[in-house]
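Presented below is the structure to which this report refers.
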Amino acid sequence: MIRFYLFLGGVILLVTAAAMWAARYVTAGEKLTKLRMYTALFNIGSTLAMGWCWGNMNGTAKIILHVFTILMMAEIGFILFVAIGVGIRCLKRLISTPLVSPVDERRRRILKGAVLYPTAAAAASLYGGLVEKDGTVVNNYDIPLKEPAHKSLDGYRIVQLSDVHCGPFLMPDRLGELLEKAAGLGGDVLVLTGDVFDDNETNEEAIEIVNRSCDKFKDGIVFIFGNHEYFRNMSLIEEKLSGSKIKVLRNQSLCLAGKEGTEASLYLAGVDYPRRRDIFDRLAKEYTEEAYRNIPSGAVSVLLAHHPDFIDRGAEQGAAAVLTGHTHGGQIGLLGVSIAPPIFKYMRGVYRVDGKEKKKTLGYVHSGNGSWFPFRLGCPPEIAVFTLKK
């Protein structure tokens, strides 16, 4: 947790310094000095306010956090738009012949920037904070079947939700709507890859809503734990899940289709979340090997894991696909690619990884259905659908 706060403090300092630099493109003189002072005070105040809100997530705190998130993202958007504008002007200077002009170009640029940059930043921030964060999209992918013995599995469909973070920003009623939408996609099974039950006040209700949806999928709903379930009342979550129809995989496997124990079968393997960062890699390897212990050689397998580092572990076991989450796709992207700091090896979307016997494993990092903070831009929440294809 200390590392997280140090990282957050570093980000705020970087944003503050960048905002002070960008301010010179919208004003000058005494007004520039005041704007920079107000920017620093705003960043300090908003950081303290948002920290208080995360620790006291009631109705008022939720509204305050949402407002400050939109304002902070508008500031970051302003910095980015200024940087882009400056970059374009520098490029123009390099490729064009300078003209002598009596016009005060700096004053002209400031007048333009005073309107253009804040307007663009505000529009992007409002869209991300009020529209896109709730605009769930459906993405379809194929998992190739390469062996003749697997032809009976052709057309089997796996629907994935992840990182719902049911709580203040995604209440149980919206979880129910999300499950209804997922059920309407014709999937054979729904998989939930962790960080679903993330609020002590609503977890019991959320589990019951998921439980009622199990019969809407031919092979039910399969769940694995993420790190956020461990932050909550884990004993209650385990108790309610054990009394439900939700199938929980904890370093275990489950035969979904075909003849069990043969090549002509489809297995889901699911791993627990390794909570010790100092031995994460060792635990990930152990968990994956345990989950694959009863899967016959040659069978089609799909590994469910919360953390995307498991993509490599699944490839080692010869998984046809590894479905993960955890990163939320960075929550900010451009043209389908995350532009958030690349703190994970696999950040968002599809990866093709060399696996067992030189076969390719499809690794997938789900963009998530909920949020760390109530904002998404260029990275909408998603329902991912995977179809096994000959």
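In the structure tokens, each chain is lettered A, B, ... as it comes, each chain's residues begin at 1, and ligands are numbered from 1 in order of appearance.
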
Within 8 Å of region 208-221 of chain A using only C-alpha atoms, minus same-chain residues under 4 positions, as number ranges by chain
A: 172, 175-176, 179-180, 183, 187-192, 204, 244-247, 256

Output of the above residues as a CSV table (one decimal), in the first residue's frame, restricted to all heavy atoms:
```
chain,number,residue,atom,x,y,z
A,172,PRO,N,-25.7,-3.4,-7.7
A,172,PRO,CA,-26.2,-4.7,-8.1
A,172,PRO,C,-27.2,-4.7,-9.2
A,172,PRO,O,-27.3,-5.6,-10.0
A,172,PRO,CB,-26.8,-5.2,-6.8
A,172,PRO,CG,-25.9,-4.6,-5.7
A,172,PRO,CD,-25.6,-3.2,-6.3
A,175,LEU,N,-25.4,-4.8,-12.4
A,175,LEU,CA,-24.8,-6.1,-12.6
A,175,LEU,C,-25.8,-7.0,-13.2
A,175,LEU,O,-25.5,-7.8,-14.1
A,175,LEU,CB,-24.3,-6.7,-11.2
A,175,LEU,CG,-23.8,-8.1,-11.2
A,175,LEU,CD1,-22.7,-8.3,-12.2
A,175,LEU,CD2,-23.5,-8.6,-9.8
A,176,GLY,N,-27.1,-6.9,-12.7
A,176,GLY,CA,-28.1,-7.8,-13.3
A,176,GLY,C,-28.4,-7.5,-14.7
A,176,GLY,O,-28.5,-8.4,-15.5
A,179,LEU,N,-25.5,-9.0,-16.8
A,179,LEU,CA,-25.7,-10.5,-16.9
A,179,LEU,C,-26.8,-10.8,-17.9
A,179,LEU,O,-26.7,-11.7,-18.7
A,179,LEU,CB,-26.1,-11.1,-15.6
A,179,LEU,CG,-24.9,-11.1,-14.5
A,179,LEU,CD1,-25.5,-11.4,-13.1
A,179,LEU,CD2,-23.9,-12.1,-14.9
A,180,GLU,N,-27.9,-10.0,-18.0
A,180,GLU,CA,-28.9,-10.2,-19.0
A,180,GLU,C,-28.4,-10.0,-20.4
A,180,GLU,O,-28.7,-10.8,-21.3
A,180,GLU,CB,-30.1,-9.2,-18.7
A,180,GLU,CG,-31.0,-9.5,-17.6
A,180,GLU,CD,-31.9,-10.8,-17.9
A,180,GLU,OE1,-32.0,-11.1,-19.1
A,180,GLU,OE2,-32.3,-11.4,-16.9
A,183,ALA,N,-26.2,-12.9,-21.3
A,183,ALA,CA,-27.0,-14.1,-21.5
A,183,ALA,C,-27.6,-14.1,-22.9
A,183,ALA,O,-27.9,-15.2,-23.5
A,183,ALA,CB,-28.1,-14.3,-20.5
A,187,GLY,N,-24.1,-17.6,-25.5
A,187,GLY,CA,-22.9,-18.4,-25.0
A,187,GLY,C,-23.3,-19.7,-24.3
A,187,GLY,O,-24.4,-19.8,-23.7
A,188,ASP,N,-22.4,-20.6,-24.3
A,188,ASP,CA,-22.6,-21.9,-23.6
A,188,ASP,C,-22.3,-21.8,-22.1
A,188,ASP,O,-22.9,-22.5,-21.3
A,188,ASP,CB,-21.8,-23.0,-24.2
A,188,ASP,CG,-22.3,-23.3,-25.6
A,188,ASP,OD1,-23.3,-23.9,-25.8
A,188,ASP,OD2,-21.5,-22.9,-26.6
A,189,VAL,N,-21.3,-20.9,-21.8
A,189,VAL,CA,-20.9,-20.8,-20.4
A,189,VAL,C,-20.4,-19.3,-20.2
A,189,VAL,O,-19.9,-18.7,-21.1
A,189,VAL,CB,-19.7,-21.7,-20.1
A,189,VAL,CG1,-18.5,-21.4,-20.9
A,189,VAL,CG2,-19.4,-21.7,-18.6
A,190,LEU,N,-20.7,-18.8,-19.0
A,190,LEU,CA,-20.2,-17.5,-18.6
A,190,LEU,C,-19.0,-17.6,-17.7
A,190,LEU,O,-19.2,-18.4,-16.7
A,190,LEU,CB,-21.3,-16.6,-18.0
A,190,LEU,CG,-20.9,-15.3,-17.4
A,190,LEU,CD1,-20.4,-14.3,-18.5
A,190,LEU,CD2,-22.0,-14.6,-16.6
A,191,VAL,N,-17.9,-17.0,-17.9
A,191,VAL,CA,-16.8,-17.0,-17.0
A,191,VAL,C,-16.6,-15.6,-16.4
A,191,VAL,O,-16.6,-14.6,-17.1
A,191,VAL,CB,-15.5,-17.5,-17.6
A,191,VAL,CG1,-15.7,-19.0,-18.1
A,191,VAL,CG2,-15.0,-16.7,-18.8
A,192,LEU,N,-16.4,-15.6,-15.1
A,192,LEU,CA,-16.1,-14.3,-14.4
A,192,LEU,C,-14.7,-14.4,-13.8
A,192,LEU,O,-14.4,-15.2,-12.9
A,192,LEU,CB,-17.1,-14.1,-13.2
A,192,LEU,CG,-18.6,-14.2,-13.5
A,192,LEU,CD1,-19.4,-14.2,-12.3
A,192,LEU,CD2,-19.0,-13.1,-14.5
A,204,GLU,N,-23.3,-9.8,-0.8
A,204,GLU,CA,-24.3,-10.9,-0.7
A,204,GLU,C,-25.4,-10.8,-1.7
A,204,GLU,O,-25.8,-11.8,-2.4
A,204,GLU,CB,-24.9,-10.8,0.7
A,204,GLU,CG,-25.8,-12.0,1.1
A,204,GLU,CD,-26.2,-12.0,2.5
A,204,GLU,OE1,-25.6,-11.2,3.3
A,204,GLU,OE2,-27.1,-12.9,2.9
A,244,SER,N,-24.3,-21.6,-3.5
A,244,SER,CA,-24.9,-21.2,-4.8
A,244,SER,C,-24.6,-22.2,-5.9
A,244,SER,O,-23.9,-23.2,-5.7
A,244,SER,CB,-24.4,-19.8,-5.2
A,244,SER,OG,-23.0,-19.9,-5.7
A,245,LYS,N,-25.2,-21.9,-7.1
A,245,LYS,CA,-24.9,-22.8,-8.2
A,245,LYS,C,-23.7,-22.3,-9.0
A,245,LYS,O,-23.4,-22.9,-10.1
A,245,LYS,CB,-26.2,-22.8,-9.2
A,245,LYS,CG,-27.4,-23.5,-8.5
A,245,LYS,CD,-28.6,-23.5,-9.5
A,245,LYS,CE,-29.2,-22.1,-9.5
A,245,LYS,NZ,-30.5,-22.1,-10.2
A,246,ILE,N,-23.1,-21.2,-8.6
A,246,ILE,CA,-21.9,-20.7,-9.2
A,246,ILE,C,-20.7,-21.7,-9.0
A,246,ILE,O,-20.4,-22.1,-7.9
A,246,ILE,CB,-21.5,-19.3,-8.7
A,246,ILE,CG1,-22.7,-18.4,-8.8
A,246,ILE,CG2,-20.2,-18.8,-9.4
A,246,ILE,CD1,-22.5,-17.1,-8.0
A,247,LYS,N,-20.0,-22.1,-10.1
A,247,LYS,CA,-18.9,-23.0,-10.0
A,247,LYS,C,-17.6,-22.3,-9.8
A,247,LYS,O,-17.2,-21.4,-10.6
A,247,LYS,CB,-18.8,-23.9,-11.3
A,247,LYS,CG,-20.1,-24.7,-11.6
A,247,LYS,CD,-20.1,-25.2,-13.0
A,247,LYS,CE,-21.4,-25.8,-13.4
A,247,LYS,NZ,-21.5,-26.2,-14.8
A,256,LEU,N,-16.1,-29.3,-19.6
A,256,LEU,CA,-17.3,-28.6,-20.0
A,256,LEU,C,-18.0,-29.3,-21.2
A,256,LEU,O,-19.3,-29.3,-21.3
A,256,LEU,CB,-17.0,-27.1,-20.5
A,256,LEU,CG,-16.7,-26.1,-19.4
A,256,LEU,CD1,-16.4,-24.8,-20.0
A,256,LEU,CD2,-17.9,-26.0,-18.4
```

Based on DSSP run over this structure's backbone, return all residues of region 25-217 of chain A in helix (DSSP H, G or I), as a ChimeraX atom specification.
/A:29-55,59-95,105-130,132-134,148-153,172-183,203-212,214-216

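Proximity to Phe68 (chain A) was assessed for A:Gly258, A:Gly129, A:Gly55, A:Gly167 counting only C-alpha atoms; the smallest distance is recorded for A:Gly129.
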
Point-to-point distance from CA of Arg376 (chain A) to CA of Ile44 (chain A), Å rounded to tenths:
22.9 Å

Show me, as a ChimeraX atom specification, the residues that have an atom within 9 Å of Lys146 (chain A) when counting only C-alpha atoms, minus same-chain residues fewer than 4 positions from it.
/A:150-151,389-390

Restricting the output to N, CA, C and O atoms, write the selected residues as a PDB file, in the first residue's frame.
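The file below, part-v4.pdb, is the result:
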```pdb
ATOM      1  N   HIS A 150     -10.843 -32.584 -32.229  1.00  0.00           N
ATOM      2  CA  HIS A 150     -11.545 -31.487 -31.562  1.00  0.00           C
ATOM      3  C   HIS A 150     -12.746 -30.962 -32.350  1.00  0.00           C
ATOM      4  O   HIS A 150     -13.388 -30.007 -31.925  1.00  0.00           O
ATOM      5  N   LYS A 151     -13.043 -31.583 -33.499  1.00  0.00           N
ATOM      6  CA  LYS A 151     -14.079 -31.023 -34.369  1.00  0.00           C
ATOM      7  C   LYS A 151     -15.455 -30.985 -33.707  1.00  0.00           C
ATOM      8  O   LYS A 151     -16.282 -30.134 -34.024  1.00  0.00           O
ATOM      9  N   LYS A 389     -13.367 -22.606 -33.027  1.00  0.00           N
ATOM     10  CA  LYS A 389     -13.557 -22.777 -34.475  1.00  0.00           C
ATOM     11  C   LYS A 389     -12.569 -23.782 -35.038  1.00  0.00           C
ATOM     12  O   LYS A 389     -11.391 -23.767 -34.694  1.00  0.00           O
ATOM     13  N   LYS A 390     -13.051 -24.649 -35.935  1.00  0.00           N
ATOM     14  CA  LYS A 390     -12.178 -25.598 -36.613  1.00  0.00           C
ATOM     15  C   LYS A 390     -11.145 -24.831 -37.460  1.00  0.00           C
ATOM     16  O   LYS A 390     -11.487 -23.843 -38.087  1.00  0.00           O
TER      17      LYS A 390
END
```

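Relative to CA of Asn233 (chain A), CA of Tyr273 (chain A) is found at 15.8 Å.
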
In Å, rounded to a single decimal, give me how far CA of Gly9 (chain A) is from CA of Arg276 (chain A).
23.9 Å
